[in-house]
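Asker: Shown below is the structure under consideration.
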Amino acid sequence: MSRAISVKSSSLQLISFCLALSLAFPLWSQRAANVYAIKGAKVYTLAGPAIENGTVVIRDGKIAAVGANIAVPDDAQVIDAAGLEVYPGMFDPITQMGLNEVGAVSATVDTRELGAFNPELIAATAVNPATAHIPVTRANGITEVLAVPGIGGFDSEGGGVITGQASTFNLAGWTMDEMQIKRSVAMVINWPSIQTRSFDFSTFSFKEKPYTEAKKEYDKSVNELSDWLVRARHYAQAKEKGSPDLFVRDLKLEALVPVVEGKLPVLMVADDARDIRNAVDFCAKQNLKMILASGAESWKVKDLLKEKKIPVILGPTERLPEREDAPYDKPMTQPAELNAAGIPFAFSSFGTSFSRRLPQYAGTAVGYGLPHDEGLKAVMLNAAQILGLADQVGTLEPGKLANIIVTSGDPLEIQTQVRYLFIKGQLTSTDNRHRDLYEEYRKRPVPPR
Amino acid sequence: MKRALLLATVAFAALAPFSVRAQDSNTQKDSAILIKNATILTITHGNIEHGSILIRDGKIAGVGTDLKVPDGATVIDANGQYVMPGIIDCHSHIAIDGGVNEGSVSVSSMANIADVLDPDDMSIYDDLAGGVTAANILHGSANAIGGQTVVIKLRWGKPASQLPFEGALPGIKFALGENPKRSNFSPPPGVEPRYPATRLGVEETIREAFIEARQYKKEWDDYNQKKAAGNENLIPPRRDEKLEPLVEVLEGKRYVHSHCYRADEILMLIRVANEFGFKIRTFQHVLEGYKIADEIAASGAGGSTFSDWWGYKMEAYDAIPYNAALMTDRGVIVSINSDDAEEARHLNQEAAKSMKYGGLSANDALKLVTLNPAIQLGIDNRVGSIEVGKDADLAIFNHDPLSVYAVVQKTLIDGRVYFDRQRDIDARPALEKEKQDLLAKEKKAAEEKKAEGKSESKPEKKPDAKKKQPPTSQSNVGNIAGGGL
């Protein structure tokens, strides 16, 4: 569970020794070492061509220099990374990280609030920095995530229409204040869907309802959503132009003001082509800045997404086609299609325990036709661009946060190991609960018969 | 999963794969097929570069580098591609019609999954496209003793009667822990909670059932003994369909595949099985198997686990991706299963994770989804490796199947190509046209019906006119007769 390792010498041997030692007991740094130089690796900056035998200098949490002929500062701890590869850390842009420890144990889950309209909730509030999921996830090269309230994949059921604000943070740190990159990144809206068939957990079977009934429920939800936005506009006007004496603060409307002003993007969750079209139409009319989330049938509405410049945060590549008559490989080929159409997209896990599969999702899409460099961008850079955070993370360029992975090879390949991990410029342990349990039980003596 | 709303689309959904499938059925079963120029991952005899596989009558007839093309043989040029044994999924819920759980009782051994096989389940095709050729089809984990299981081959397009793997011993599903004790959901209103509600109760439920089964077996053994001795005026014991499968377990004629998570419950079941003198064939999921790998190995049971699922419930909190490797190191026969129609599409990738987590060799990693599940299901004399005499159940990938970039190009079962990626892609334009034609037809029919309805209701301006909507033949008759409503 160590967050940072102190390295007191510039020699590789000692670093290796410290890393090895940290497997047994973490070394806690009293004062964070703050200057590092990663030397001799092939450096993929994602801001230009790969650099053979490159050097990356890290100072005070940021990238200070990147290039082929960079002098190693005297005060730097040197990491000899010959034969290794250096990349920006990966960014998982939809997770419930820190909000969901054990999916089935509600006491450990903070993703589902009561009520359908909760714009005032902010994920960062309840992210548990000590969750076991963070070290497990970062060990696979994911250095920052967006935690999203109210939507989820395998291990979290969603609920509500406006479910709150998503927060982005680094996967290392003692408190959320230290970890946070941006507290409010997007407003999450589950676009109401016209669903005639739904799974009923009380009977564990599918329930059908007539289309007219489903449509009525849909219209009601959309009307309510519109009402909230109209009221938020009135609220903003009242605050700006009304009498301060008569003004009463409303947390929900206050939270929606940056949304209706187009300052805070909407993370709009929709899968069916019809739902996506409706959501795009709605956002256009309401002047909202939309990011499509999940987007299983984005491929059917490529022209619309392109025309309206709507980026997509895709759900896992590992999903079955949305409809039985869709090609069997559509979830795997869709990323290549979106790329060819010039629609910006990023991969996401939509989960917590599945976050470490992020590179696998991209790798699979590359197998089905997505260019490899686009696959890298779609797990490292694109999410940052889509969410307006590319000035801080996503590439290896001077001035950016030093969220960096040093790998044994292609980071999208399953067998690739993350050898060194830097988060906010700190050499961070790849130890985690899983490796700890492995080390503990592999040492178990053979029991007597 | 969201499904199509339009009736026409649903109807078409059933047609889509059938059209592809029809081509398969029309393909004459070739007497001989030669796959050539491939990297062959035999599993049992190393890898062969630029190798060939000769298939005759559905069986592997030759494997090597210098095989001649027999007269009249179909040649599959797999230049640059990799051939591995078809993937075997030791825990699957595909091809089941309706619910997977008979959740009303804690011992549901009378229910048999073989009775409800659905050969039209799209998941069969989806998984076939992931290189899966055989799967162990089980009930869910709602009951301490669940239903009877069946091993199938993914013969897409064949009727249900031709899915079961010929000669494979049937199994039965057991389940331990949170699911049978129902920790994670409450019964619907009006439904009484069900015993057991603890792991203690799960043990006693299983023990109780086997005490009954042993008594039942004794009654039949006595009866058969007396009958064999010439005693003719005997009344046979009443048949009990719940206990018969358990007697088969006691007699070693039926495998036990037990869902489990925690180390304690695994040891519990080993104890109970020892008490009654039967063996657990596989521990399924077995996420804490690494904690007691020696005990599992000593019991002779296999372990069929997930690659890296964890944290979704309390009993999965100590799950680690090193589980497969650590159990393998301690001598357990281990497989990686899917438990899920989607996960089954990339079991090759899931197997590769055991190289990263725990350092298995490439061949041992591939064994997790080929030979090892074959051993666990008792079908390794037929499948699981590329050897002369075995069934020609093969998956052809464009890259090393342990790479994330590998995509299945062809899947063969019994020497027949059941999945061909290129053929699937080529068929898409025609299928799309067929779908659009059907939709147009449906739309036209709906419009005609609407127009008809309008003309019928035109003269009706009376306040109760809307009561007559929608027009039916009966109301039309009423109108003609001037009867109104």
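In the structure tokens, chains take the letters A, B, ... in the order shown, each chain's residues start at 1, and ligands count up from 1 in the order shown.
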Near Ile113 in chain B, within 12 Å and counting only C-alpha atoms, which residues show up once chain neighbours fewer than 2 positions away are dropped, as a ChimeraX atom specification?
Answerer: /B:92-102,108-111,115-118,136-140,146-152,160,164,170-173
Asker: Kindly assemble as a tab-separated table a list of the chain B residues that lie within 7 Å of chain A, each paired with its nearest atom pair and their distance in Å to one decimal, using only C-alpha atoms, sorted first by chain and then by ascending residue number.
Answerer:
```
residue	atom	partner	partner_atom	distance
B:Met1	CA	A:Glu322	CA	6.7
B:Lys2	CA	A:Glu322	CA	6.1
B:Arg3	CA	A:Arg323	CA	5.3
B:Ala4	CA	A:Arg323	CA	6.0
B:Ala13	CA	A:Asp325	CA	4.6
B:Ala16	CA	A:Asp325	CA	6.0
B:Met122	CA	A:Glu324	CA	6.9
B:Asp126	CA	A:Tyr328	CA	6.1
B:Asn184	CA	A:Ala104	CA	6.3
B:Pro187	CA	A:Ser202	CA	6.9
B:Pro188	CA	A:Ser202	CA	5.3
B:Tyr290	CA	A:Tyr441	CA	7.0
B:Lys291	CA	A:Tyr441	CA	5.8
B:Asp294	CA	A:Val446	CA	6.5
B:Trp310	CA	A:Ser353	CA	6.2
B:Gly311	CA	A:Val102	CA	5.0
B:Tyr312	CA	A:Gly103	CA	4.3
B:Lys313	CA	A:Ala104	CA	4.6
B:Met314	CA	A:Val102	CA	6.1
B:Ile320	CA	A:His434	CA	5.1
B:Tyr322	CA	A:Tyr438	CA	6.5
B:Leu326	CA	A:Arg442	CA	6.9
B:Glu342	CA	A:Leu320	CA	5.8
B:Ala352	CA	A:Ile414	CA	6.7
B:Lys353	CA	A:Ile414	CA	6.3
B:Met355	CA	A:Gln415	CA	6.5
B:Lys356	CA	A:Gln415	CA	4.8
B:Ser403	CA	A:Glu413	CA	6.5
B:Val404	CA	A:Gly363	CA	5.6
B:Tyr405	CA	A:Gly367	CA	3.9
B:Ala406	CA	A:Gly367	CA	6.1
B:Val407	CA	A:Gly367	CA	6.5
```
Asker: Would you please extract all alpha helix (DSSP H) residues from range 360-435 of chain B, as assigned by DSSP on the backbone, and give them as a list in words?
Answerer: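 Listing alpha helix (DSSP H) positions across range 360-435 of chain B yields Ala362, Asn363, Asp364, Ala365, Leu366, Lys367, Leu371, Asn372, Pro373, Ala374, Ile375, Gln376, Arg421, Gln422, Arg423, Asp424, Ile425, Asp426, Ala427, Arg428, Pro429, Ala430, Leu431, Glu432, Lys433, Glu434 and Lys435 of chain B.
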Asker: For Leu46 in chain A, which residue out of A:Lys241, A:Met90, A:Val248, A:Val78 is the nearest one, using only C-alpha atoms?
Answerer: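 Smallest distance to Leu46 in chain A is found for A:Met90.
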Asker: Taking only range 238-417 of chain A into account, list the residues labelled strand (DSSP E or B) by DSSP (computed from the backbone), as a list in words.
Answerer: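 Here are the strand (DSSP E or B) residues of range 238-417 of chain A: Val266, Leu267, Met268, Val269, Ala270, Met290, Ile291, Leu292, Ala293, Ser294, Val312, Ile313, Leu314, Phe345, Ala346, Phe347, Gly351, Leu401, Ile404, Ile405, Val406 and Thr407 of chain A.
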Asker: Taking N, CA and C atoms for each residue, export the selection above as a PDB file, in the first residue's frame.
Answerer:
```pdb
ATOM      1  N   VAL A 266     -21.432  17.810 -20.175  1.00  0.00           N
ATOM      2  CA  VAL A 266     -22.339  16.767 -19.709  1.00  0.00           C
ATOM      3  C   VAL A 266     -21.817  15.428 -20.200  1.00  0.00           C
ATOM      4  N   LEU A 267     -21.651  14.516 -19.263  1.00  0.00           N
ATOM      5  CA  LEU A 267     -21.291  13.147 -19.623  1.00  0.00           C
ATOM      6  C   LEU A 267     -22.610  12.416 -19.805  1.00  0.00           C
ATOM      7  N   MET A 268     -23.001  12.240 -21.054  1.00  0.00           N
ATOM      8  CA  MET A 268     -24.346  11.747 -21.358  1.00  0.00           C
ATOM      9  C   MET A 268     -24.264  10.261 -21.669  1.00  0.00           C
ATOM     10  N   VAL A 269     -24.887   9.451 -20.816  1.00  0.00           N
ATOM     11  CA  VAL A 269     -24.796   8.004 -20.992  1.00  0.00           C
ATOM     12  C   VAL A 269     -25.937   7.523 -21.893  1.00  0.00           C
ATOM     13  N   ALA A 270     -25.585   6.972 -23.036  1.00  0.00           N
ATOM     14  CA  ALA A 270     -26.591   6.434 -23.952  1.00  0.00           C
ATOM     15  C   ALA A 270     -25.937   5.362 -24.823  1.00  0.00           C
ATOM     16  N   MET A 290     -21.889  18.363 -24.837  1.00  0.00           N
ATOM     17  CA  MET A 290     -22.109  16.927 -24.593  1.00  0.00           C
ATOM     18  C   MET A 290     -20.880  16.075 -24.889  1.00  0.00           C
ATOM     19  N   ILE A 291     -20.641  15.138 -23.973  1.00  0.00           N
ATOM     20  CA  ILE A 291     -19.696  14.040 -24.206  1.00  0.00           C
ATOM     21  C   ILE A 291     -20.539  12.778 -24.139  1.00  0.00           C
ATOM     22  N   LEU A 292     -20.482  11.967 -25.166  1.00  0.00           N
ATOM     23  CA  LEU A 292     -21.255  10.723 -25.139  1.00  0.00           C
ATOM     24  C   LEU A 292     -20.490   9.670 -24.342  1.00  0.00           C
ATOM     25  N   ALA A 293     -21.207   8.991 -23.440  1.00  0.00           N
ATOM     26  CA  ALA A 293     -20.573   7.937 -22.647  1.00  0.00           C
ATOM     27  C   ALA A 293     -21.244   6.605 -22.949  1.00  0.00           C
ATOM     28  N   SER A 294     -20.438   5.571 -23.040  1.00  0.00           N
ATOM     29  CA  SER A 294     -20.844   4.200 -23.365  1.00  0.00           C
ATOM     30  C   SER A 294     -20.988   4.031 -24.879  1.00  0.00           C
ATOM     31  N   VAL A 312     -16.625  10.718 -27.749  1.00  0.00           N
ATOM     32  CA  VAL A 312     -17.233   9.539 -27.133  1.00  0.00           C
ATOM     33  C   VAL A 312     -16.268   8.908 -26.135  1.00  0.00           C
ATOM     34  N   ILE A 313     -16.771   8.619 -24.943  1.00  0.00           N
ATOM     35  CA  ILE A 313     -16.022   7.769 -24.013  1.00  0.00           C
ATOM     36  C   ILE A 313     -16.681   6.407 -24.063  1.00  0.00           C
ATOM     37  N   LEU A 314     -16.005   5.494 -24.745  1.00  0.00           N
ATOM     38  CA  LEU A 314     -16.604   4.183 -25.005  1.00  0.00           C
ATOM     39  C   LEU A 314     -16.583   3.299 -23.762  1.00  0.00           C
ATOM     40  N   PHE A 345     -12.390   9.744 -29.467  1.00  0.00           N
ATOM     41  CA  PHE A 345     -12.955   8.800 -28.497  1.00  0.00           C
ATOM     42  C   PHE A 345     -11.859   8.322 -27.555  1.00  0.00           C
ATOM     43  N   ALA A 346     -12.295   7.841 -26.402  1.00  0.00           N
ATOM     44  CA  ALA A 346     -11.376   7.240 -25.438  1.00  0.00           C
ATOM     45  C   ALA A 346     -12.003   5.958 -24.936  1.00  0.00           C
ATOM     46  N   PHE A 347     -11.154   5.027 -24.510  1.00  0.00           N
ATOM     47  CA  PHE A 347     -11.671   3.805 -23.890  1.00  0.00           C
ATOM     48  C   PHE A 347     -11.877   4.038 -22.402  1.00  0.00           C
ATOM     49  N   GLY A 351     -15.950   0.548 -14.814  1.00  0.00           N
ATOM     50  CA  GLY A 351     -15.982  -0.280 -13.615  1.00  0.00           C
ATOM     51  C   GLY A 351     -14.977   0.187 -12.587  1.00  0.00           C
ATOM     52  N   LEU A 401       1.993  17.163 -15.637  1.00  0.00           N
ATOM     53  CA  LEU A 401       2.147  16.288 -14.475  1.00  0.00           C
ATOM     54  C   LEU A 401       2.974  15.078 -14.872  1.00  0.00           C
ATOM     55  N   ILE A 404       3.763   8.859 -15.366  1.00  0.00           N
ATOM     56  CA  ILE A 404       4.595   8.183 -16.374  1.00  0.00           C
ATOM     57  C   ILE A 404       4.697   6.701 -16.051  1.00  0.00           C
ATOM     58  N   ILE A 405       4.637   5.870 -17.085  1.00  0.00           N
ATOM     59  CA  ILE A 405       4.897   4.445 -16.868  1.00  0.00           C
ATOM     60  C   ILE A 405       6.114   4.010 -17.666  1.00  0.00           C
ATOM     61  N   VAL A 406       6.912   3.158 -17.045  1.00  0.00           N
ATOM     62  CA  VAL A 406       8.072   2.566 -17.715  1.00  0.00           C
ATOM     63  C   VAL A 406       7.771   1.076 -17.819  1.00  0.00           C
ATOM     64  N   THR A 407       7.662   0.589 -19.056  1.00  0.00           N
ATOM     65  CA  THR A 407       7.155  -0.766 -19.260  1.00  0.00           C
ATOM     66  C   THR A 407       8.189  -1.677 -19.911  1.00  0.00           C
TER      67      THR A 407
END
```
Asker: Mind checking which residues fall within 7 Å of range 257-260 of chain B, counting only C-alpha atoms, ignoring those fewer than 4 positions away in the same chain, and posting them as a ChimeraX atom specification?
Answerer: /B:141,171-177,266,280-286
Asker: Which residues come within 10 Å of range 66-70 of chain B, counting only C-alpha atoms, excluding same-chain residues fewer than 3 positions away, as a PyMOL selection string?
Answerer: chain B and resi 32-36+50-54+62-63+73-75
Asker: Can I get the selected residues back with C-alpha atoms, as a short mmCIF file (atom, residue, chain, number, x, y, z; two decimals), in the first residue's frame?
Answerer:
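File produced: selection-v9.cif:
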```cif
data_model
loop_
_atom_site.label_atom_id
_atom_site.label_comp_id
_atom_site.auth_asym_id
_atom_site.auth_seq_id
_atom_site.Cartn_x
_atom_site.Cartn_y
_atom_site.Cartn_z
CA ALA B 32 -10.17 -34.54 -46.37
CA ILE B 33 -8.92 -31.09 -45.39
CA LEU B 34 -5.33 -29.96 -45.25
CA ILE B 35 -4.45 -26.88 -43.22
CA LYS B 36 -0.99 -25.83 -44.36
CA HIS B 50 5.25 -24.08 -41.27
CA GLY B 51 3.29 -27.15 -40.33
CA SER B 52 0.28 -28.89 -41.78
CA ILE B 53 -2.69 -30.67 -40.28
CA LEU B 54 -4.52 -33.32 -42.25
CA GLY B 62 -1.75 -36.17 -39.65
CA VAL B 63 0.34 -33.39 -38.12
CA ALA B 73 -8.63 -32.56 -50.34
CA THR B 74 -9.72 -29.05 -49.49
CA VAL B 75 -6.70 -26.91 -48.69
#
```
Asker: Using only C-alpha atoms for the distances, tell me which of A:Asn128, A:Ser184, A:Asn34, A:Ser429 is nearest to Lys62 in chain A.
Answerer: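 Counting only C-alpha atoms, the residue closest to Lys62 in chain A is A:Asn34.
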Asker: Please identify all polymer residues within 8 Å of Val107 in chain B, counting only C-alpha atoms, omitting same-chain residues fewer than 5 positions from it, and present them as a ChimeraX atom specification.
Answerer: /B:143-146,205,209,242
Asker: Contacts of Ser355 in chain A at 7 Å or less, counting only C-alpha atoms, minus same-chain residues fewer than 4 places along, as a ChimeraX atom specification?
Answerer: /A:92,137,349,351
Asker: Go ahead and write the residues just picked, C-alpha atoms, as a PDB file, in the first residue's frame.
Answerer:
```pdb
ATOM      1  CA  ASP A  92      -9.522   5.542 -17.255  1.00  0.00           C
ATOM      2  CA  THR A 137      -5.236  -0.569 -10.848  1.00  0.00           C
ATOM      3  CA  SER A 349     -13.683   0.403 -18.093  1.00  0.00           C
ATOM      4  CA  GLY A 351     -15.982  -0.280 -13.615  1.00  0.00           C
TER       5      GLY A 351
END
```
Asker: What does the distance from CA of Asp391 in chain A to CA of Asp60 in chain A come to in Å, to one decimal?
Answerer: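 Interatomic distance, CA of Asp391 in chain A to CA of Asp60 in chain A: 16.8 Å.
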Asker: Pick from A:Ile162, A:Ala107, A:Val127, A:Leu264: nearest to Ser221 in chain A, with only C-alpha atoms counted?
Answerer: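 Ranked by minimum distance to Ser221 in chain A, first place goes to A:Ile162.
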